[in-house]
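S.K.: This one is target_9.csv, CSV, C-alpha atoms.
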chain,number,residue,atom,x,y,z
A,1,MET,CA,216.7,102.4,148.6
A,2,THR,CA,214.3,102.1,151.6
A,3,PHE,CA,212.1,104.6,149.9
A,4,TRP,CA,211.7,102.7,146.7
A,5,ILE,CA,210.8,99.6,148.6
A,6,LEU,CA,208.3,101.3,150.9
A,7,ALA,CA,206.7,103.7,148.5
A,8,PRO,CA,204.9,101.1,146.3
A,9,ILE,CA,203.7,99.3,149.5
A,10,MET,CA,202.4,102.5,150.9
A,11,VAL,CA,200.5,103.5,147.7
A,12,ALA,CA,199.1,100.0,147.4
A,13,ALA,CA,197.9,99.9,151.0
A,14,ALA,CA,196.4,103.4,150.7
A,15,LEU,CA,194.6,102.4,147.5
A,16,GLY,CA,193.4,99.3,149.4
A,17,ILE,CA,191.7,101.6,151.9
A,18,LEU,CA,189.6,102.9,149.1
A,19,PHE,CA,188.5,99.5,147.9
A,20,VAL,CA,188.1,97.1,150.8
A,21,ARG,CA,184.5,96.7,152.0
A,22,LYS,CA,185.2,96.1,155.7
A,23,ALA,CA,186.3,98.9,158.0
A,24,VAL,CA,188.6,96.6,159.9
A,25,HIS,CA,190.6,95.8,156.8
A,26,ALA,CA,190.9,99.5,156.1
A,27,ALA,CA,192.3,100.0,159.6
A,28,LEU,CA,194.9,97.3,159.1
A,29,LEU,CA,195.9,98.8,155.7
A,30,LEU,CA,196.2,102.2,157.4
A,31,ALA,CA,198.5,100.6,160.0
A,32,VAL,CA,200.7,99.4,157.1
A,33,VAL,CA,200.9,102.9,155.7
A,34,MET,CA,201.6,104.4,159.1
A,35,ILE,CA,204.4,102.0,160.0
A,36,SER,CA,206.0,102.5,156.6
A,37,LEU,CA,205.8,106.3,157.2
A,38,ALA,CA,207.5,105.8,160.5
A,39,VAL,CA,210.4,104.0,158.7
A,40,LEU,CA,210.6,106.9,156.2
A,41,TYR,CA,210.8,109.4,159.0
A,42,ALA,CA,213.8,107.4,160.3
A,43,VAL,CA,215.3,107.6,156.9
A,44,LEU,CA,214.7,111.3,156.8
A,45,ASP,CA,216.8,111.9,160.0
A,46,ALA,CA,213.8,112.2,162.3
A,47,PRO,CA,214.2,109.5,164.9
A,48,PHE,CA,212.0,111.3,167.4
A,49,LEU,CA,209.1,111.4,165.0
A,50,PHE,CA,209.8,107.8,164.1
A,51,ALA,CA,209.0,106.8,167.7
A,52,VAL,CA,206.1,109.2,168.0
A,53,GLN,CA,204.6,107.9,164.8
A,54,ILE,CA,204.6,104.4,166.0
A,55,ILE,CA,203.6,105.1,169.5
A,56,VAL,CA,200.9,107.7,168.9
A,57,TYR,CA,199.6,106.8,165.5
A,58,THR,CA,199.8,103.0,165.2
A,59,GLY,CA,199.7,102.5,168.9
A,60,ALA,CA,197.1,104.9,170.2
A,61,ILE,CA,195.0,106.3,167.3
A,62,LEU,CA,194.6,103.1,165.3
A,63,MET,CA,193.7,101.1,168.5
A,64,LEU,CA,191.1,103.8,169.2
A,65,PHE,CA,189.7,103.2,165.7
A,66,LEU,CA,189.5,99.5,166.4
A,67,PHE,CA,187.9,100.0,169.7
A,68,VAL,CA,185.2,102.2,168.3
A,69,MET,CA,184.7,99.7,165.4
A,70,MET,CA,184.1,97.0,168.0
A,71,LEU,CA,181.7,99.2,169.9
A,72,ILE,CA,179.6,100.0,166.8
A,73,GLY,CA,179.8,96.6,165.2
A,74,VAL,CA,182.6,95.2,163.1
A,75,ASP,CA,180.3,94.1,160.4
A,76,ALA,CA,179.2,97.6,159.6
A,77,THR,CA,180.1,97.6,155.9
A,78,ASP,CA,179.8,100.4,153.4
A,79,SER,CA,176.5,100.7,151.5
A,80,VAL,CA,177.0,100.7,147.7
A,81,VAL,CA,173.9,102.8,147.1
A,82,GLU,CA,174.8,106.3,145.8
A,83,THR,CA,172.8,109.1,147.3
A,84,ILE,CA,174.1,111.7,144.9
A,85,ARG,CA,174.1,110.3,141.3
A,86,GLY,CA,177.5,110.0,139.7
A,87,GLN,CA,179.2,111.2,142.8
A,88,ARG,CA,181.7,108.4,142.9
A,89,VAL,CA,182.8,108.8,139.3
A,90,MET,CA,183.1,112.6,139.7
A,91,ALA,CA,185.1,112.1,142.9
A,92,VAL,CA,187.5,109.7,141.2
A,93,VAL,CA,187.9,112.0,138.2
A,94,LEU,CA,188.5,115.0,140.4
A,95,GLY,CA,190.9,113.1,142.5
A,96,LEU,CA,192.9,112.0,139.4
A,97,LEU,CA,193.0,115.6,138.1
A,98,PHE,CA,194.1,116.9,141.5
A,99,GLY,CA,196.8,114.2,141.8
A,100,THR,CA,198.0,114.8,138.3
A,101,VAL,CA,198.2,118.6,138.9
A,102,LEU,CA,200.0,118.1,142.2
A,103,VAL,CA,202.5,115.6,140.9
A,104,LEU,CA,203.2,117.6,137.7
A,105,GLY,CA,203.6,120.8,139.6
A,106,ILE,CA,206.0,119.3,142.1
A,107,SER,CA,208.1,117.6,139.4
A,108,GLN,CA,208.5,121.0,137.7
A,109,VAL,CA,210.1,122.4,140.9
A,110,THR,CA,213.8,122.1,141.4
A,111,LEU,CA,214.5,122.0,145.2
A,112,GLY,CA,218.2,122.5,145.0
A,113,ALA,CA,220.9,120.7,147.0
A,114,VAL,CA,219.7,118.9,150.1
A,115,VAL,CA,221.1,120.7,153.2
A,116,GLY,CA,220.6,117.7,155.4
A,117,LEU,CA,220.1,117.6,159.2
A,118,ASP,CA,223.6,116.6,160.2
A,119,GLU,CA,224.3,120.1,161.6
A,120,ALA,CA,220.9,120.6,163.2
A,121,ASN,CA,221.0,117.1,164.7
A,122,ALA,CA,224.6,117.5,165.9
A,123,GLY,CA,223.7,117.2,169.6
A,124,GLY,CA,221.1,114.5,169.0
A,125,ASN,CA,217.7,114.9,167.4
A,126,VAL,CA,215.7,114.8,170.6
A,127,PRO,CA,217.6,117.5,172.5
A,128,ALA,CA,217.6,119.7,169.3
A,129,ILE,CA,213.8,119.3,169.0
A,130,ALA,CA,213.4,120.0,172.7
A,131,ASN,CA,215.5,123.2,172.4
A,132,ILE,CA,213.2,124.6,169.8
A,133,LEU,CA,210.0,123.2,171.3
A,134,PHE,CA,210.6,124.8,174.7
A,135,SER,CA,211.9,128.1,173.4
A,136,ARG,CA,210.4,129.3,170.1
A,137,TYR,CA,207.3,127.2,170.2
A,138,VAL,CA,206.6,127.2,173.9
A,139,PHE,CA,203.3,129.0,173.5
A,140,ALA,CA,202.1,126.6,170.8
A,141,PHE,CA,203.1,123.8,173.2
A,142,GLU,CA,201.1,125.3,176.0
A,143,ALA,CA,198.1,125.7,173.7
A,144,THR,CA,198.5,122.1,172.8
A,145,SER,CA,198.2,121.0,176.4
A,146,ALA,CA,195.0,123.1,176.7
A,147,LEU,CA,193.7,121.4,173.5
A,148,LEU,CA,194.4,118.0,174.8
A,149,ILE,CA,192.6,118.6,178.1
A,150,THR,CA,189.6,120.0,176.1
A,151,ALA,CA,189.6,117.0,173.9
A,152,ALA,CA,189.6,114.6,176.8
A,153,LEU,CA,186.8,116.5,178.5
A,154,GLY,CA,184.9,116.7,175.2
A,155,ALA,CA,185.2,112.9,174.7
A,156,MET,CA,183.9,112.3,178.2
A,157,VAL,CA,180.9,114.6,177.7
A,158,LEU,CA,180.1,113.1,174.3
A,159,ALA,CA,180.5,109.5,175.5
A,160,HIS,CA,178.6,110.0,178.7
A,161,ARG,CA,175.1,108.6,178.8
A,162,GLU,CA,172.5,109.9,181.3
A,163,ARG,CA,170.7,107.0,183.0
A,164,LEU,CA,167.0,107.5,182.2
A,165,THR,CA,165.6,104.7,184.4
A,166,PRO,CA,166.8,103.9,187.9
A,167,LYS,CA,169.2,101.0,188.2
A,168,ALA,CA,167.4,97.7,188.9
A,169,THR,CA,168.3,96.5,192.4
A,170,GLN,CA,168.6,92.9,193.5
A,171,ALA,CA,165.1,93.1,195.0
A,172,ASP,CA,163.7,94.3,191.7
A,173,LEU,CA,165.3,91.5,189.8
A,174,ALA,CA,163.9,88.9,192.3
A,175,ALA,CA,160.4,90.4,192.0
A,176,GLN,CA,160.8,90.3,188.2
A,177,ARG,CA,161.7,86.7,188.3
A,178,LEU,CA,158.7,85.8,190.4
A,179,ARG,CA,156.5,87.8,188.1
A,180,ASP,CA,157.8,85.9,185.1
A,181,TYR,CA,157.1,82.7,186.8
A,182,ALA,CA,153.6,83.7,187.7
A,183,GLU,CA,152.7,85.1,184.3
A,184,HIS,CA,154.7,83.0,181.8
A,185,GLY,CA,155.6,79.9,183.9
A,186,LYS,CA,159.3,80.6,183.3
A,187,HIS,CA,161.5,78.4,185.4
A,188,LEU,CA,162.3,80.1,188.7
A,189,GLY,CA,165.8,78.6,189.4
A,190,PRO,CA,169.0,79.2,187.5
A,191,LEU,CA,169.4,78.1,183.9
A,192,PRO,CA,170.5,74.4,183.4
A,193,SER,CA,174.2,73.9,183.0
A,194,PRO,CA,175.7,72.5,179.8
A,195,GLY,CA,175.8,68.8,179.4
A,196,VAL,CA,178.6,66.5,180.5
A,197,TYR,CA,179.4,63.5,178.3
A,198,ALA,CA,182.2,61.0,178.2
A,199,ARG,CA,183.9,62.7,175.3
A,200,HIS,CA,182.6,66.3,175.4
A,201,ASN,CA,182.2,68.4,178.6
A,202,ALA,CA,182.5,71.7,176.8
A,203,VAL,CA,180.0,74.5,177.2
A,204,ASP,CA,178.9,74.1,173.6
A,205,THR,CA,177.3,70.7,174.4
A,206,PRO,CA,173.7,71.1,175.5
A,207,ALA,CA,172.2,69.3,178.5
A,208,LEU,CA,169.6,66.6,177.9
A,209,LEU,CA,166.1,66.8,179.3
A,210,PRO,CA,164.5,63.7,180.8
A,211,ASP,CA,162.8,62.9,177.5
A,212,GLY,CA,166.1,62.9,175.6
A,213,THR,CA,165.8,66.3,173.9
A,214,ALA,CA,168.5,68.9,174.2
A,215,ALA,CA,167.8,71.8,176.6
A,216,GLU,CA,168.5,74.9,174.4
A,217,SER,CA,168.7,77.2,177.4
A,218,SER,CA,171.6,75.3,178.8
A,219,VAL,CA,174.0,76.7,176.2
A,220,SER,CA,175.0,80.3,175.8
A,221,ARG,CA,172.9,82.3,173.4
A,222,VAL,CA,176.1,83.7,171.8
A,223,LEU,CA,177.2,80.1,170.8
A,224,ALA,CA,173.7,79.4,169.5
A,225,ALA,CA,173.8,82.5,167.3
A,226,ARG,CA,177.2,81.5,165.9
A,227,GLY,CA,175.9,78.1,165.1
A,228,THR,CA,178.6,76.3,167.0
A,229,VAL,CA,176.4,74.3,169.4
A,230,ARG,CA,177.0,70.5,169.2
A,231,SER,CA,173.9,68.5,168.7
A,232,ALA,CA,173.5,66.1,171.6
A,233,PRO,CA,171.9,63.2,169.6
A,234,ALA,CA,174.6,63.4,167.0
A,235,LEU,CA,177.1,63.2,169.9
A,236,ALA,CA,175.3,60.0,171.0
A,237,ASP,CA,175.7,58.6,167.5
A,238,ASP,CA,179.4,59.3,167.8
A,239,ILE,CA,179.5,57.3,171.0
A,240,ASP,CA,177.7,54.4,169.4
A,241,ASP,CA,180.2,54.4,166.5
A,242,VAL,CA,183.1,54.2,169.0
A,243,ARG,CA,181.4,51.4,170.9
A,244,ARG,CA,180.8,49.4,167.7
A,245,GLN,CA,184.5,49.9,166.7
A,246,ILE,CA,185.8,48.5,170.0
A,247,GLY,CA,183.2,45.7,169.9
A,248,ASP,CA,181.5,46.5,173.1
A,249,PRO,CA,178.8,43.8,173.7
A,250,THR,CA,176.6,46.2,175.7
A,251,SER,CA,176.3,48.4,172.7
A,252,MET,CA,172.6,48.9,172.1
A,253,PRO,CA,171.6,51.5,169.5
A,254,GLU,CA,168.5,52.6,171.4
A,255,THR,CA,170.3,53.1,174.8
A,256,SER,CA,171.6,56.5,173.9
A,257,GLY,CA,169.7,59.8,173.9
A,258,LYS,CA,169.0,59.3,170.2
A,259,ALA,CA,165.3,58.9,170.7
A,260,GLY,CA,164.3,62.5,170.8
A,261,ALA,CA,164.9,65.0,168.1
A,262,PRO,CA,167.0,68.0,169.1
A,263,ALA,CA,164.9,70.8,170.5
A,264,THR,CA,165.0,73.7,168.1
A,265,THR,CA,162.9,76.4,169.6
A,266,GLU,CA,162.4,77.8,173.1
A,267,GLU,CA,158.8,76.6,173.1
A,268,ASP,CA,159.9,73.0,172.7
A,269,VAL,CA,162.2,73.4,175.6
A,270,GLU,CA,159.5,75.0,177.8
A,271,LYS,CA,157.1,72.2,176.9
A,272,GLY,CA,159.8,69.7,177.8
A,273,VAL,CA,160.2,71.4,181.2
A,274,GLN,CA,156.5,71.5,181.8
A,275,LYS,CA,156.2,67.8,181.0
B,1,MET,CA,214.0,114.9,147.8
B,2,THR,CA,211.3,115.4,145.2
B,3,GLU,CA,210.2,111.8,145.3
B,4,TYR,CA,209.2,112.2,149.0
B,5,ILE,CA,207.0,115.2,148.1
B,6,VAL,CA,205.5,113.3,145.2
B,7,LEU,CA,204.7,110.3,147.4
B,8,SER,CA,203.1,112.7,149.9
B,9,ALA,CA,201.0,114.2,147.1
B,10,ILE,CA,199.9,110.8,146.0
B,11,LEU,CA,198.9,109.7,149.5
B,12,PHE,CA,197.1,113.0,150.0
B,13,THR,CA,195.1,112.5,146.8
B,14,ILE,CA,194.2,109.0,147.7
B,15,GLY,CA,193.0,110.3,151.1
B,16,CYS,CA,191.0,113.0,149.4
B,17,VAL,CA,189.2,110.5,147.0
B,18,GLY,CA,188.5,108.2,150.0
B,19,VAL,CA,186.8,111.1,151.9
B,20,LEU,CA,184.7,111.8,148.9
B,21,THR,CA,183.7,108.2,148.0
B,22,ARG,CA,183.5,106.2,151.2
B,23,ARG,CA,180.2,106.1,153.2
B,24,ASN,CA,181.3,104.6,156.5
B,25,ALA,CA,182.1,107.5,158.9
B,26,ILE,CA,185.0,105.6,160.4
B,27,VAL,CA,186.6,104.9,157.0
B,28,VAL,CA,186.1,108.6,156.1
B,29,PHE,CA,188.0,109.4,159.3
B,30,MET,CA,190.8,107.1,158.4
B,31,CYS,CA,191.2,108.8,155.1
B,32,VAL,CA,191.4,112.2,156.8
B,33,GLU,CA,194.2,110.6,159.0
B,34,LEU,CA,195.9,109.5,155.8
B,35,MET,CA,195.8,113.1,154.4
B,36,LEU,CA,197.3,114.4,157.7
B,37,ASN,CA,200.1,111.8,157.5
B,38,ALA,CA,200.8,112.7,153.9
B,39,CYS,CA,201.3,116.3,155.0
B,40,ASN,CA,203.5,115.2,157.8
B,41,LEU,CA,205.7,113.4,155.3
B,42,ALA,CA,206.1,116.6,153.3
B,43,PHE,CA,207.0,118.6,156.4
B,44,VAL,CA,209.7,116.1,157.5
B,45,ALA,CA,211.1,115.9,154.0
B,46,PHE,CA,211.3,119.7,153.8
B,47,ALA,CA,212.9,119.8,157.2
B,48,ARG,CA,215.7,117.7,155.8
B,49,GLN,CA,215.8,119.7,152.5
B,50,HIS,CA,216.3,123.0,154.4
B,51,GLY,CA,218.4,121.7,157.2
B,52,ASN,CA,216.3,123.0,160.1
B,53,LEU,CA,214.0,121.3,162.5
B,54,ASP,CA,211.0,123.5,162.3
B,55,GLY,CA,209.4,121.1,159.8
B,56,GLN,CA,209.7,118.2,162.3
B,57,ILE,CA,208.2,120.4,165.1
B,58,THR,CA,205.3,121.2,162.8
B,59,ALA,CA,204.8,117.5,162.1
B,60,PHE,CA,204.8,116.8,165.8
B,61,PHE,CA,202.1,119.4,166.4
B,62,VAL,CA,200.1,118.0,163.6
B,63,MET,CA,200.2,114.6,165.3
B,64,VAL,CA,199.1,116.1,168.6
B,65,VAL,CA,196.2,117.9,166.9
B,66,ALA,CA,195.3,114.7,165.0
B,67,ALA,CA,195.2,112.7,168.2
B,68,ALA,CA,192.8,115.2,169.8
B,69,GLU,CA,190.7,115.3,166.6
B,70,VAL,CA,190.4,111.5,166.5
B,71,VAL,CA,189.3,111.4,170.1
B,72,ILE,CA,186.5,113.9,169.6
B,73,GLY,CA,185.5,112.6,166.1
B,74,LEU,CA,185.2,109.0,167.2
B,75,ALA,CA,183.2,110.1,170.3
B,76,ILE,CA,180.8,112.0,167.9
B,77,ILE,CA,180.6,109.0,165.6
B,78,MET,CA,179.7,106.8,168.6
B,79,THR,CA,177.1,109.3,169.8
B,80,ILE,CA,175.5,109.4,166.4
B,81,PHE,CA,175.6,105.6,166.2
B,82,ARG,CA,173.9,105.3,169.5
B,83,THR,CA,171.0,107.5,168.6
B,84,ARG,CA,170.6,106.4,164.9
B,85,ARG,CA,172.1,102.9,164.8
B,86,SER,CA,174.1,103.7,161.8
B,87,ALA,CA,177.7,104.8,161.1
B,88,SER,CA,177.0,105.9,157.5
B,89,VAL,CA,177.6,109.6,156.7
B,90,ASP,CA,174.6,109.6,154.5
B,91,ASP,CA,172.2,108.9,157.3
B,92,ALA,CA,173.2,112.0,159.3
B,93,SER,CA,171.2,114.4,157.1
B,94,LEU,CA,168.5,115.8,159.5
B,95,LEU,CA,169.7,119.4,159.0
B,96,LYS,CA,169.0,119.1,155.3
B,97,TYR,CA,165.2,119.2,155.6
How does this structure look as C-alpha cells?
M.R.:
Amino acid sequence: MTFWILAPIMVAAALGILFVRKAVHAALLLAVVMISLAVLYAVLDAPFLFAVQIIVYTGAILMLFLFVMMLIGVDATDSVVETIRGQRVMAVVLGLLFGTVLVLGISQVTLGAVVGLDEANAGGNVPAIANILFSRYVFAFEATSALLITAALGAMVLAHRERLTPKATQADLAAQRLRDYAEHGKHLGPLPSPGVYARHNAVDTPALLPDGTAAESSVSRVLAARGTVRSAPALADDIDDVRRQIGDPTSMPETSGKAGAPATTEEDVEKGVQK
Amino acid sequence: MTEYIVLSAILFTIGCVGVLTRRNAIVVFMCVELMLNACNLAFVAFARQHGNLDGQITAFFVMVVAAAEVVIGLAIIMTIFRTRRSASVDDASLLKY
C-alpha cells in the first residue's frame, strides 16, 4: 500500500529533476525522492538503512549540494543551447529504449516466493547488520574508513586557495583610505548611517543630505541591488498625507525634504558632499 | 517484489537521461545520486527477497562511497567554478583542443 502511494510521487519528482530550470528546485525534488526511498526501506524491513538514508542522504549530502549551490550562485540556470546537435532527443530516445528494455526484462522474471527478513532480523536489524559488517565485511569496512579520510583530505586540498597577495594590514587600509582621499576626494570618515524618520528608522531608508537629496552611500549596496531601498522624498510625501489627514495646521507641503530629487548615482552624491 | 525492482529501474533510467541531457554540473551530479539510490532500492528489495542481509550491507557501502564521491565531486565543481566562473559541463572542454 505504502509503495503504491510513494511510487508515483517518486517517479513524478524524479521526472521533475529533468525538467525544472533551477538547480535549487532540482535539489528539493531530489529530497522528496530520497525521503520516499527512506520510507520504502522501512517497508522493506531495513530500519537501519531508513535512518541512514535520512541522516546521510537528505541530511548531509543534500545540504552539501545546497551549500555548494549557494557558493557558486543560486541563479546559475541551465543553458538551453545544445552543443551537440540532436543530443537531447537522442538521449531521451535512448533513455526510453533502455527503460523499456529494463522494465520488460524484469517483468519477465519470476522471483519466486519472498523469503522475508523475519529470520535474519530476529535479534533486531541493527545487531544483525553489525554482526555481518564486523565479521565478513570487516576489510571492506576498514577500506571504507581509508576512503573517507582520503575524501576529506581531497576536499580540503581542492577547496584550499593559495593566497597570492599578502593580506592587507590595518596600516595598509588606512594608507589606502588617505590615498583615495588625496586622488579622488573620497570622504575620509565612515559612511553616513541610514536615515531616521518619524515612521521609518529601518536600514533601507537613506539619510538625507543638507540639500534634501538622499545619500545613496548611507544604505547597503545589497539593498540597493535588490531594489528595496525606500525613497526618502516619497517617505516625506507619506508624512504630509498623514498630517493632512489629522488636520495638522503646521502642515506645509514645502517643509519636508521633497524639494530635492532622489540621488540616483554615486556622482550626484559626491557632488552633494562637495557642495 | 517485482514492483520494487521495476521502480528502481525507472528511477535509474530517469537518472541516466538526466545525466545525458542536463548541463549544470550540480544537476548532473544529482542525477548520478538518483541512479545510486535506485540501485540501493534494488539491493534492499533483493535482500528481503532472499532473506539475508548482504543486500542491506551493500546498500550501506554504496551510501558511504556516494558520500565520499559527493564531497570530492562538489569540491571539483567549486574549483572549476572558481577558475572559469561557470558550472556548466560544456564549458569544461579545454582538453578537447
S.K.: Between CA of Phe43 in chain B and CA of Tyr41 in chain A, measure the distance and give it in Å to one decimal.
M.R.: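 Straight-line distance from CA of Phe43 in chain B to CA of Tyr41 in chain A works out to 10.3 Å.
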S.K.: Using only C-alpha atoms, pick whichever of B:Val62, B:Leu20, B:Met35, B:Ala42 has the shortest atom-to-atom distance to chain A.
M.R.: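 Residue with the minimum atom-to-atom distance to chain A: B:Leu20.
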S.K.: Which one of A:Arg179, A:Lys22, A:Arg243, A:Arg88 sits closest to chain B if you count all atoms listed in the file?
M.R.: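 Selected residue with least distance to chain B: A:Arg88.
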S.K.: Could you work out how far CA of Gln53 in chain A lies from CA of Ala122 in chain A, giving the answer in Å with one decimal?
M.R.: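 Spanning CA of Ala122 in chain A to CA of Gln53 in chain A is a straight-line distance of 22.2 Å.
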S.K.: Residues of chain B no more than 6 Å from chain A, counting only C-alpha atoms: send them over as a PyMOL selection string.
M.R.: chain B and resi 6+13+17-18+21+23-24+48-51+68+72+75
S.K.: In Å to one decimal, how far is CA of Ala59 in chain B from CA of Cys16 in chain B?
M.R.: 19.3 Å
S.K.: Write out as a ChimeraX atom specification which residues come within 9 Å of Val219 in chain A when counting only C-alpha atoms, dropping same-chain ones fewer than 5 positions away.
M.R.: /A:192-195,203-207,224,229
